[in-house]
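Colleague: File follows, input-v6.txt with compact mmCIF, C-alpha atoms and all ligand atoms:
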# COMPACT_ATOMS: atom_id res chain seq x y z
CA MET A 26 8.81 19.21 -7.42
CA ASN A 27 11.07 17.75 -4.74
CA LEU A 28 10.87 18.24 -0.99
CA LYS A 29 13.61 20.89 -0.96
CA ASP A 30 11.61 23.01 -3.42
CA ILE A 31 8.54 22.69 -1.19
CA ALA A 32 10.60 23.66 1.86
CA ALA A 33 11.83 26.73 -0.06
CA GLY A 34 8.22 27.97 -0.08
CA PHE A 35 8.25 28.38 3.74
CA ARG A 36 9.94 31.08 5.82
CA PHE A 37 12.45 28.71 7.40
CA PHE A 38 15.60 30.19 8.99
CA GLY A 39 18.87 29.12 7.36
CA THR A 40 19.67 26.62 4.63
CA VAL A 41 17.86 23.30 4.45
CA GLU A 42 20.28 20.51 5.39
CA SER A 43 18.00 17.48 5.48
CA ILE A 44 14.34 16.45 5.13
CA GLU A 45 13.42 13.06 6.55
CA PRO A 46 10.11 11.19 7.11
CA HIS A 47 9.01 11.54 10.73
CA GLY A 48 6.43 10.07 13.14
CA ASN A 49 3.73 7.43 12.91
CA GLY A 50 0.45 9.08 11.88
CA HIS A 51 -2.22 7.21 9.91
CA ILE A 52 -3.27 10.21 7.82
CA ASN A 53 -0.74 12.87 6.80
CA ASP A 54 2.84 12.60 5.46
CA THR A 55 5.16 14.16 8.01
CA TYR A 56 8.79 15.27 7.54
CA LEU A 57 11.41 16.73 9.84
CA VAL A 58 13.27 19.58 8.16
CA VAL A 59 16.67 20.53 9.59
CA CYS A 60 18.08 23.94 8.60
CA ARG A 61 21.43 25.48 9.44
CA ASP A 62 22.12 29.18 9.89
CA GLY A 63 25.83 29.47 10.76
CA GLU A 64 26.20 27.72 14.12
CA ALA A 65 22.46 27.69 14.76
CA VAL A 66 20.25 24.73 13.85
CA HIS A 67 16.52 25.28 13.25
CA GLN A 68 14.11 22.37 12.96
CA TYR A 69 10.62 22.27 11.49
CA ILE A 70 7.82 19.81 10.87
CA MET A 71 6.61 19.92 7.27
CA GLN A 72 3.45 18.02 6.37
CA ARG A 73 1.56 17.08 3.28
CA LEU A 74 -2.03 17.28 4.40
CA ASN A 75 -4.20 14.41 3.21
CA THR A 76 -6.65 16.37 1.06
CA ARG A 77 -8.67 13.25 0.16
CA ILE A 78 -9.60 13.07 3.84
CA PHE A 79 -9.55 16.84 4.39
CA PRO A 80 -10.93 18.40 1.16
CA ASN A 81 -11.74 21.63 3.01
CA TYR A 82 -8.10 22.33 3.84
CA GLN A 83 -8.74 26.09 3.77
CA GLY A 84 -11.34 25.76 6.56
CA LEU A 85 -9.13 23.32 8.44
CA MET A 86 -6.12 25.67 8.37
CA ARG A 87 -8.33 28.59 9.41
CA ASN A 88 -9.53 26.53 12.40
CA ILE A 89 -5.93 25.79 13.38
CA GLU A 90 -4.91 29.43 13.01
CA THR A 91 -7.73 30.83 15.13
CA VAL A 92 -7.48 28.14 17.80
CA THR A 93 -3.68 28.39 18.14
CA ASP A 94 -3.89 32.23 18.28
CA TYR A 95 -6.41 31.92 21.10
CA LEU A 96 -4.41 29.26 22.97
CA ARG A 97 -1.20 31.26 22.67
CA ASP A 98 -2.80 34.25 24.43
CA ILE A 99 -4.10 32.04 27.24
CA ILE A 100 -0.78 30.23 27.68
CA ARG A 101 1.03 33.58 27.81
CA SER A 102 -1.43 34.94 30.36
CA GLN A 103 -0.83 31.83 32.49
CA GLY A 104 2.92 32.42 32.35
CA GLY A 105 3.59 29.46 30.01
CA ASP A 106 5.97 29.12 27.07
CA CYS A 107 3.78 29.42 23.98
CA LEU A 108 6.51 28.24 21.61
CA ARG A 109 6.62 24.86 23.37
CA GLU A 110 3.08 24.51 24.69
CA CYS A 111 1.31 25.44 21.46
CA MET A 112 1.76 24.59 17.78
CA THR A 113 3.31 27.47 15.80
CA PRO A 114 2.41 27.45 12.10
CA ILE A 115 5.20 28.76 9.85
CA ARG A 116 4.13 31.20 7.15
CA THR A 117 4.88 30.67 3.50
CA ILE A 118 6.85 33.23 1.49
CA ASP A 119 3.44 34.66 0.49
CA GLY A 120 2.39 34.99 4.12
CA ALA A 121 -0.15 32.12 4.09
CA THR A 122 -0.36 29.17 6.50
CA TYR A 123 -0.19 26.60 3.69
CA GLN A 124 0.89 26.28 0.07
CA ILE A 125 -0.55 24.24 -2.77
CA VAL A 126 2.06 22.39 -4.82
CA ASN A 127 0.89 20.12 -7.63
CA ARG A 128 -2.55 19.99 -6.01
CA ASP A 129 -1.06 18.88 -2.67
CA CYS A 130 -1.50 21.04 0.41
CA TRP A 131 1.68 21.59 2.45
CA ARG A 132 2.07 23.29 5.82
CA ALA A 133 4.81 23.62 8.39
CA TYR A 134 5.19 24.07 12.15
CA LEU A 135 8.03 24.83 14.50
CA PHE A 136 9.53 21.52 15.62
CA ILE A 137 9.22 21.17 19.38
CA ASP A 138 12.53 19.60 20.31
CA ASN A 139 13.57 17.31 23.14
CA THR A 140 10.13 15.70 23.06
CA VAL A 141 8.76 12.28 22.23
CA ALA A 142 5.34 11.01 21.08
CA TYR A 143 4.67 7.58 22.62
CA GLN A 144 2.88 4.76 20.80
CA ILE A 145 2.12 2.92 24.03
CA ALA A 146 1.61 4.03 27.62
CA ASP A 147 4.19 2.06 29.56
CA ASP A 148 4.71 4.76 32.17
CA LYS A 149 1.66 5.58 34.29
CA ASN A 150 2.89 9.03 35.28
CA ILE A 151 3.46 10.05 31.68
CA PHE A 152 0.05 8.74 30.68
CA ALA A 153 -1.59 10.60 33.58
CA ASP A 154 0.16 13.76 32.45
CA SER A 155 -1.08 13.29 28.87
CA GLY A 156 -4.57 13.27 30.41
CA ARG A 157 -3.76 16.47 32.24
CA ALA A 158 -2.68 18.07 28.94
CA PHE A 159 -5.83 16.99 27.09
CA GLY A 160 -8.06 18.06 30.00
CA ARG A 161 -6.29 21.42 30.14
CA PHE A 162 -6.68 21.76 26.37
CA ILE A 163 -10.48 21.57 26.63
CA ALA A 164 -10.52 23.82 29.70
CA ARG A 165 -8.40 26.46 27.93
CA LEU A 166 -10.82 26.46 25.01
CA ASP A 167 -13.88 26.73 27.24
CA GLY A 168 -14.39 30.42 26.44
CA PHE A 169 -13.56 30.12 22.74
CA ASP A 170 -16.35 31.12 20.37
CA ALA A 171 -16.90 27.99 18.28
CA SER A 172 -19.31 29.59 15.83
CA GLY A 173 -16.48 30.45 13.44
CA LEU A 174 -15.06 26.92 13.35
CA CYS A 175 -15.84 24.74 10.36
CA GLU A 176 -16.81 21.08 10.71
CA VAL A 177 -13.69 19.66 9.03
CA ILE A 178 -15.12 16.18 8.62
CA GLU A 179 -18.87 16.09 8.81
CA ASN A 180 -20.29 13.70 11.42
CA PHE A 181 -16.75 12.74 12.44
CA HIS A 182 -17.81 11.19 15.76
CA ASN A 183 -21.48 10.73 14.97
CA THR A 184 -21.51 7.01 15.69
CA LYS A 185 -25.01 6.58 14.23
CA ASP A 186 -23.71 7.95 10.95
CA ARG A 187 -20.60 5.75 11.21
CA TYR A 188 -22.89 2.76 11.65
CA ALA A 189 -24.92 3.69 8.56
CA LYS A 190 -21.65 3.90 6.58
CA PHE A 191 -20.56 0.54 7.96
CA CYS A 192 -23.89 -1.01 6.84
CA ALA A 193 -23.49 0.52 3.35
CA SER A 194 -19.96 -0.89 3.02
CA LEU A 195 -21.12 -4.29 4.21
CA GLN A 196 -23.93 -4.25 1.69
CA ALA A 197 -21.58 -3.23 -1.16
CA ASP A 198 -18.73 -5.52 -0.01
CA PRO A 199 -16.65 -4.47 -3.05
CA LEU A 200 -13.77 -6.93 -2.49
CA GLY A 201 -15.79 -9.77 -0.97
CA ARG A 202 -13.87 -9.30 2.28
CA SER A 203 -16.95 -9.69 4.52
CA ALA A 204 -16.53 -13.49 4.43
CA SER A 205 -13.26 -13.13 6.35
CA ALA A 206 -14.74 -10.81 9.00
CA GLN A 207 -17.97 -12.50 10.06
CA GLU A 208 -17.21 -12.50 13.77
CA GLU A 209 -16.25 -8.81 13.76
CA ILE A 210 -19.31 -7.85 11.72
CA ALA A 211 -21.54 -9.66 14.23
CA PHE A 212 -19.79 -7.85 17.08
CA VAL A 213 -20.61 -4.45 15.59
CA THR A 214 -24.18 -5.34 14.69
CA GLN A 215 -25.04 -6.80 18.11
CA ARG A 216 -23.90 -3.63 19.84
CA ASN A 217 -25.49 -1.02 17.58
CA ALA A 218 -27.54 0.28 20.53
CA TYR A 219 -24.34 2.07 21.63
CA CYS A 220 -24.36 4.31 18.56
CA GLY A 221 -26.85 6.92 19.85
CA LYS A 222 -25.46 7.23 23.39
CA ILE A 223 -23.44 10.42 22.89
CA VAL A 224 -25.11 12.05 19.86
CA ASP A 225 -28.53 11.69 21.48
CA ALA A 226 -27.29 13.06 24.82
CA LEU A 227 -25.85 16.04 22.93
CA SER A 228 -29.03 16.68 20.95
CA ARG A 229 -31.16 16.42 24.11
CA GLY A 230 -28.85 19.01 25.69
CA GLU A 231 -27.86 16.65 28.53
CA ILE A 232 -24.17 17.20 27.81
CA PRO A 233 -22.64 20.38 26.32
CA LEU A 234 -21.25 20.83 22.83
CA ARG A 235 -17.68 22.12 23.25
CA VAL A 236 -14.58 22.80 21.20
CA THR A 237 -12.78 19.49 21.25
CA HIS A 238 -9.68 17.94 19.70
CA ASN A 239 -11.36 14.73 18.50
CA ASP A 240 -8.18 12.70 17.95
CA THR A 241 -6.60 12.41 21.37
CA LYS A 242 -4.31 9.43 20.90
CA LEU A 243 -1.27 9.37 23.17
CA ASN A 244 0.96 9.99 20.12
CA ASN A 245 -0.83 13.30 19.58
CA VAL A 246 0.72 14.85 22.66
CA LEU A 247 4.42 15.65 22.90
CA ILE A 248 6.16 14.61 26.11
CA ASP A 249 9.27 16.46 27.29
CA LYS A 250 12.15 13.94 27.30
CA THR A 251 13.78 15.52 30.34
CA SER A 252 10.83 16.17 32.65
CA GLY A 253 8.42 13.45 31.40
CA LYS A 254 5.71 16.14 31.35
CA ALA A 255 3.16 16.37 28.55
CA ILE A 256 3.80 19.78 27.07
CA CYS A 257 2.00 20.19 23.78
CA VAL A 258 -1.16 18.80 22.22
CA ILE A 259 -0.52 18.35 18.48
CA ASP A 260 -2.40 17.08 15.38
CA LEU A 261 -5.00 19.82 15.44
CA ASP A 262 -6.67 18.84 12.14
CA THR A 263 -9.91 17.65 13.71
CA ILE A 264 -10.50 20.51 16.17
CA MET A 265 -14.19 21.30 15.89
CA PRO A 266 -17.34 21.32 17.99
CA GLY A 267 -17.75 17.98 19.78
CA SER A 268 -18.12 16.30 23.16
CA LEU A 269 -15.58 16.04 25.97
CA LEU A 270 -16.50 12.33 25.95
CA TYR A 271 -14.93 11.95 22.51
CA ASP A 272 -11.62 13.29 23.73
CA PHE A 273 -11.58 11.41 27.00
CA GLY A 274 -12.78 8.19 25.34
CA ASP A 275 -10.31 8.25 22.48
CA SER A 276 -7.35 8.64 24.84
CA VAL A 277 -8.58 5.72 26.93
CA ARG A 278 -9.14 3.60 23.81
CA PHE A 279 -5.53 4.01 22.69
CA GLY A 280 -3.62 4.46 25.91
CA CYS A 281 -5.26 1.97 28.31
CA SER A 282 -4.51 -0.97 26.06
CA THR A 283 -1.68 -3.27 27.05
CA ALA A 284 -0.70 -3.61 23.38
CA LEU A 285 -0.34 -1.59 20.19
CA GLU A 286 -3.42 -0.70 18.16
CA ASP A 287 -2.38 -3.24 15.50
CA GLU A 288 -1.17 -6.09 17.73
CA GLN A 289 -1.89 -9.38 15.93
CA ASP A 290 -1.68 -11.56 19.03
CA LEU A 291 -4.98 -10.79 20.79
CA SER A 292 -3.85 -12.55 23.96
CA LYS A 293 -1.57 -9.54 24.50
CA VAL A 294 -4.43 -7.04 24.22
CA ASP A 295 -6.17 -6.13 27.45
CA PHE A 296 -7.76 -3.10 29.09
CA ASP A 297 -5.53 -1.93 31.94
CA LEU A 298 -7.67 -0.53 34.73
CA SER A 299 -4.68 0.97 36.52
CA LEU A 300 -3.86 2.99 33.39
CA TYR A 301 -7.51 4.06 33.32
CA GLU A 302 -7.18 5.27 36.87
CA ALA A 303 -4.00 7.19 36.02
CA TYR A 304 -5.67 8.82 33.01
CA CYS A 305 -8.77 9.78 35.02
CA GLU A 306 -6.64 11.38 37.69
CA GLY A 307 -4.70 13.48 35.14
CA PHE A 308 -7.64 14.40 32.92
CA LEU A 309 -9.92 15.39 35.80
CA ASP A 310 -7.14 17.49 37.27
CA GLY A 311 -6.54 19.20 33.89
CA ILE A 312 -10.21 19.93 33.18
CA GLY A 313 -10.85 21.10 36.76
CA ASP A 314 -14.36 22.34 37.45
CA LYS A 315 -15.24 22.68 33.77
CA ILE A 316 -16.61 19.11 33.58
CA THR A 317 -20.35 18.68 34.20
CA THR A 318 -21.86 15.96 36.37
CA ALA A 319 -23.55 14.39 33.35
CA GLU A 320 -20.21 14.20 31.53
CA LEU A 321 -18.53 12.69 34.59
CA ASP A 322 -21.24 10.03 34.79
CA MET A 323 -20.68 9.12 31.14
CA LEU A 324 -16.86 8.87 31.00
CA HIS A 325 -16.96 5.07 30.86
CA ILE A 326 -19.56 5.20 28.06
CA GLY A 327 -17.33 7.61 26.13
CA SER A 328 -14.44 5.14 26.47
CA ILE A 329 -16.46 2.13 25.31
CA LEU A 330 -18.15 4.06 22.53
CA MET A 331 -14.98 5.59 21.07
CA THR A 332 -13.33 2.17 21.05
CA TYR A 333 -16.37 0.57 19.43
CA GLU A 334 -16.55 3.41 16.87
CA CYS A 335 -12.86 3.22 16.00
CA GLY A 336 -13.06 -0.57 15.57
CA MET A 337 -16.10 -0.07 13.33
CA ARG A 338 -14.17 2.51 11.26
CA PHE A 339 -11.22 0.12 10.81
CA LEU A 340 -13.64 -2.67 9.85
CA THR A 341 -15.51 -0.41 7.39
CA ASP A 342 -12.20 0.57 5.80
CA TYR A 343 -11.22 -3.10 5.57
CA LEU A 344 -14.49 -3.84 3.74
CA ASP A 345 -14.00 -0.77 1.49
CA GLY A 346 -10.50 -1.92 0.46
CA ASP A 347 -8.32 0.29 2.71
CA LEU A 348 -9.23 3.66 1.26
CA TYR A 349 -8.87 5.76 4.43
CA PHE A 350 -6.21 4.61 6.92
CA LYS A 351 -2.61 3.96 5.87
CA THR A 352 -2.06 0.18 5.88
CA ALA A 353 1.10 -1.92 5.67
CA TYR A 354 -0.53 -5.24 4.64
CA PRO A 355 -3.98 -6.38 3.38
CA GLU A 356 -5.41 -7.47 6.76
CA HIS A 357 -4.04 -4.48 8.68
CA ASN A 358 -7.40 -2.78 9.21
CA LEU A 359 -9.04 -6.06 10.25
CA VAL A 360 -6.26 -6.65 12.78
CA ARG A 361 -6.82 -3.14 14.14
CA ALA A 362 -10.58 -3.71 14.36
CA ARG A 363 -9.98 -6.92 16.35
CA THR A 364 -7.87 -5.18 19.00
CA GLN A 365 -10.58 -2.53 19.43
CA PHE A 366 -13.35 -5.10 19.86
CA LYS A 367 -11.32 -7.08 22.37
CA LEU A 368 -10.91 -3.84 24.35
CA VAL A 369 -14.64 -3.07 24.14
CA GLY A 370 -15.41 -6.47 25.69
CA ARG A 371 -12.88 -5.94 28.47
CA MET A 372 -14.18 -2.42 29.21
CA GLU A 373 -17.75 -3.70 29.37
CA ALA A 374 -16.63 -6.19 31.99
CA CYS A 375 -14.99 -3.41 34.04
CA SER A 376 -17.56 -0.67 33.63
CA GLU A 377 -18.70 -0.62 37.28
CA LYS A 378 -15.10 -0.13 38.38
CA MET A 379 -14.62 2.57 35.70
CA ILE A 380 -17.56 4.53 37.13
CA GLU A 381 -16.17 4.23 40.66
CA ILE A 382 -12.72 5.44 39.58
CA ALA A 383 -14.04 8.51 37.73
CA HIS A 384 -16.05 9.54 40.78
CA LYS A 385 -13.16 8.91 43.13
CA TYR A 386 -10.95 11.43 41.35
CA CYS A 387 -13.63 14.03 40.94
CA VAL A 388 -14.69 13.78 44.60
CA ARG A 389 -11.08 13.94 45.77
CA LYS A 390 -10.66 17.31 44.04
CA LYS A 391 -13.54 18.94 45.91
P1 LIG B 1 -1.00 12.50 11.63
O1 LIG B 1 -2.25 13.33 11.45
O2 LIG B 1 -0.62 11.79 10.40
O3 LIG B 1 -1.12 11.64 12.84
P2 LIG B 1 0.65 14.34 13.24
O4 LIG B 1 0.35 15.79 13.10
O5 LIG B 1 0.13 13.66 14.45
O6 LIG B 1 0.20 13.56 11.90
O7 LIG B 1 2.24 14.17 13.20
C1 LIG B 1 2.86 12.90 13.15
C2 LIG B 1 3.98 12.81 14.19
O8 LIG B 1 4.94 13.87 13.95
C3 LIG B 1 3.55 13.02 15.63
O9 LIG B 1 3.09 11.83 16.22
C4 LIG B 1 4.84 13.54 16.27
O10 LIG B 1 5.71 12.45 16.54
C5 LIG B 1 5.48 14.36 15.18
N1 LIG B 1 5.19 15.82 15.27
C6 LIG B 1 4.15 16.49 14.68
N2 LIG B 1 4.21 17.80 14.93
C7 LIG B 1 5.32 18.01 15.69
C8 LIG B 1 5.96 19.19 16.25
N3 LIG B 1 5.47 20.42 16.08
N4 LIG B 1 7.10 19.01 16.95
C9 LIG B 1 7.64 17.77 17.13
N5 LIG B 1 7.08 16.64 16.62
C10 LIG B 1 5.95 16.74 15.91
C1 LIG B 2 -6.24 8.65 12.77
O1 LIG B 2 -4.16 11.06 12.33
P1 LIG B 2 -4.00 10.05 13.41
O2 LIG B 2 -3.12 8.90 13.06
O3 LIG B 2 -3.60 10.74 14.69
C2 LIG B 2 -7.68 9.17 12.69
C3 LIG B 2 -8.35 9.04 14.06
C4 LIG B 2 -8.34 7.59 14.51
C5 LIG B 2 -6.88 7.11 14.53
C6 LIG B 2 -6.79 5.65 14.86
C7 LIG B 2 -8.47 12.36 10.89
O4 LIG B 2 -5.51 9.48 13.66
O5 LIG B 2 -9.71 9.48 13.97
O6 LIG B 2 -8.90 7.44 15.79
O7 LIG B 2 -6.23 7.33 13.24
N1 LIG B 2 -7.70 10.56 12.25
C8 LIG B 2 -8.57 10.95 11.31
O8 LIG B 2 -5.48 5.34 15.17
O9 LIG B 2 -9.43 10.21 10.82
MG MG B 3 -1.29 12.11 14.81
Could I get this structure in the form of structure tokens?
Modeller:
Amino acid sequence: MNLKDIAAGFRFFGTVESIEPHGNGHINDTYLVVCRDGEAVHQYIMQRLNTRIFPNYQGLMRNIETVTDYLRDIIRSQGGDCLRECMTPIRTIDGATYQIVNRDCWRAYLFIDNTVAYQIADDKNIFADSGRAFGRFIARLDGFDASGLCEVIENFHNTKDRYAKFCASLQADPLGRSASAQEEIAFVTQRNAYCGKIVDALSRGEIPLRVTHNDTKLNNVLIDKTSGKAICVIDLDTIMPGSLLYDFGDSVRFGCSTALEDEQDLSKVDFDLSLYEAYCEGFLDGIGDKITTAELDMLHIGSILMTYECGMRFLTDYLDGDLYFKTAYPEHNLVRARTQFKLVGRMEACSEKMIEIAHKYCVRKK
């Protein structure tokens, strides 16, 4: 079945004019669908969900439906525009939020136009505003009853579990790639004491379990091209119970780097403390008084840990033979792991300053 036939299964307005690949995600296949209805043009995002990574697509889509319904009500009550500030799933002809075609799961959303998803944070104000959007996202979901949400990927940010998987892949070494990654393997092993920092704090009840996004890269928030404001948090596949530190840390991991996630020239990769400051300011403003003191004290740990974990995931996938992340060349995952480990080292060197900055912005708000 071709893409036009798949599009015909959704309640799109007008006649489909074009369907083109769109965006830069590592997981799903994303298309922009342009439809025409007389003079009017309607645009949609149509995605093939990666069901190898998300086998429980029914649970995942139910999570997205309940969370977006809840967010829409809150946005409306705050006087916002829920068609631009929240993802709007498009129903299929049968009234469902997804359709199965040749064993693939397809879904669609309203396309939020005049927006851009950045791959790198070269404007501090925009990056700060992305922090505001992610902070606001958690704050808006503060009253949401998480008991009905399914855990889409079990142990997604359980770094202890990630470490066990890394050790298993290293042991199996199916392609003999470990020989080419000795330095990176040593980096992960030497720092394995990090792995329990967040999961143990959660299980001891020192920090709260919340509804979190869990994949807060800068390119998962749409920025309005005209105002430069972050308007909509997207890529809701991994919404599930988690820690605020995951969301804060993952944004810092991706956005406070001076280079792309897969930069091959490591001399270009550095941790930019001024971007960290901008992000802290925005995020702490967005989350407001919903953050606890224990979470505030651990923001730097969340940043280091999420960067370490992501590097470990890239390295594990490299050892496994690139089964998880989309890659463009054989060493791609190793290159990605190297940028993450360089950032971890730089963050470790700045951690005192990171603590100071987080406190500065929280104190200023009081
Ligand atoms: P992945 O899980 O593969 O990262 P995303 O859901 O993040 O997929 O989508 C990939 C890209 O598509 C985003 O980075 C963004 O550029 C674009 N995109 C996704 N949803 C929308 C939307 N509703 N409106 C406009 N652009 C979107
Ligand atoms: C993936 O889907 P995308 O490209 O936004 C991954 C994240 C990683 C990220 C690294 C479901 O995010 O966990 O941090 O790549 N998503 C999933 O760039 O595994
Ligand atoms: Mg994405």
Colleague: With 12 Å as the cut-off and all atoms listed in the file counted, what is the closest atom pair between each nearby residue of segment 283-313 of chain A and segment 220-242 of chain A? Distances in Å to one decimal, ordered by chain and number, as a Markdown table.
Modeller:
| residue | atom | partner | partner_atom | distance |
| --- | --- | --- | --- | --- |
| A:Leu285 | CA | A:Lys242 | CA | 11.7 |
| A:Glu286 | CA | A:Lys242 | CA | 10.5 |
| A:Phe308 | CA | A:Thr241 | CA | 11.8 |
Colleague: Got a sec to check which residues lie within 10 Å of ligand LIG 1 (chain B), using all atoms listed in the file, and send them as a PyMOL selection string?
Modeller: chain A and resi 46-57+68-75+108-114+133-144+240-248+257-263+350-351
Colleague: If you measure from atom CA of Asp275 of chain A to atom CA of Gly156 of chain A, what distance in Å do you get, rounded to one decimal?
Modeller: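 So the two atoms, atom CA of Asp275 of chain A and atom CA of Gly156 of chain A, lie 11.0 Å apart.
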Colleague: Given all atoms listed in the file as the basis, pick out the residue of A:Ser328, A:Thr318, A:Ser292, A:Ser268 nearest to Thr364 of chain A.
Modeller: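 Of A:Ser328, A:Thr318, A:Ser292, A:Ser268, the one nearest Thr364 of chain A is A:Ser292, counting all atoms listed in the file.
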Colleague: Of the candidates A:Thr117, A:Asn217, A:Asn127, A:Ser172, which shows the shortest atom-to-atom distance to Thr91 of chain A, using all atoms listed in the file?
Modeller: A:Ser172
Colleague: Let me have the centre and edge lengths of the axis-aligned box enclosing all listed atoms of segment 197-211 of chain A with 8 Å padding on every side, in Å to one decimal, as JSON.
Modeller:
{"center_x": -17.4, "center_y": -8.4, "center_z": 5.6, "size_x": 24.3, "size_y": 26.3, "size_z": 33.3}
Colleague: Atom CA of Leu300 of chain A to atom CA of Ile151 of chain A: how many Å, to one decimal?
Modeller: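 We find that atom CA of Leu300 of chain A and atom CA of Ile151 of chain A lie 10.3 Å from each other.
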Colleague: Which is closer to Tyr349 of chain A than all the others in A:Arg361, A:Arg87, A:Arg161, A:Arg77, using all atoms listed in the file?
Modeller: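 So, comparing all the options, the nearest one is A:Arg77.
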Colleague: Mind pulling up the distance from atom CA of Ile163 of chain A to atom CA of Leu85 of chain A?
Modeller: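 Taking atom CA of Leu85 of chain A as the start and atom CA of Ile163 of chain A as the end point, the length is 18.3 Å.
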Colleague: Closest to Ser252 of chain A among A:Val92, A:Tyr386, A:Asp154, A:Cys375, using only C-alpha atoms?
Modeller: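 So, comparing all the options, the nearest one is A:Asp154.
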Colleague: Write out as a count of residues only the residues lying within 9 Å of Gly313 of chain A, counting all atoms listed in the file and excluding same-chain residues fewer than 6 positions away.
Modeller: 5
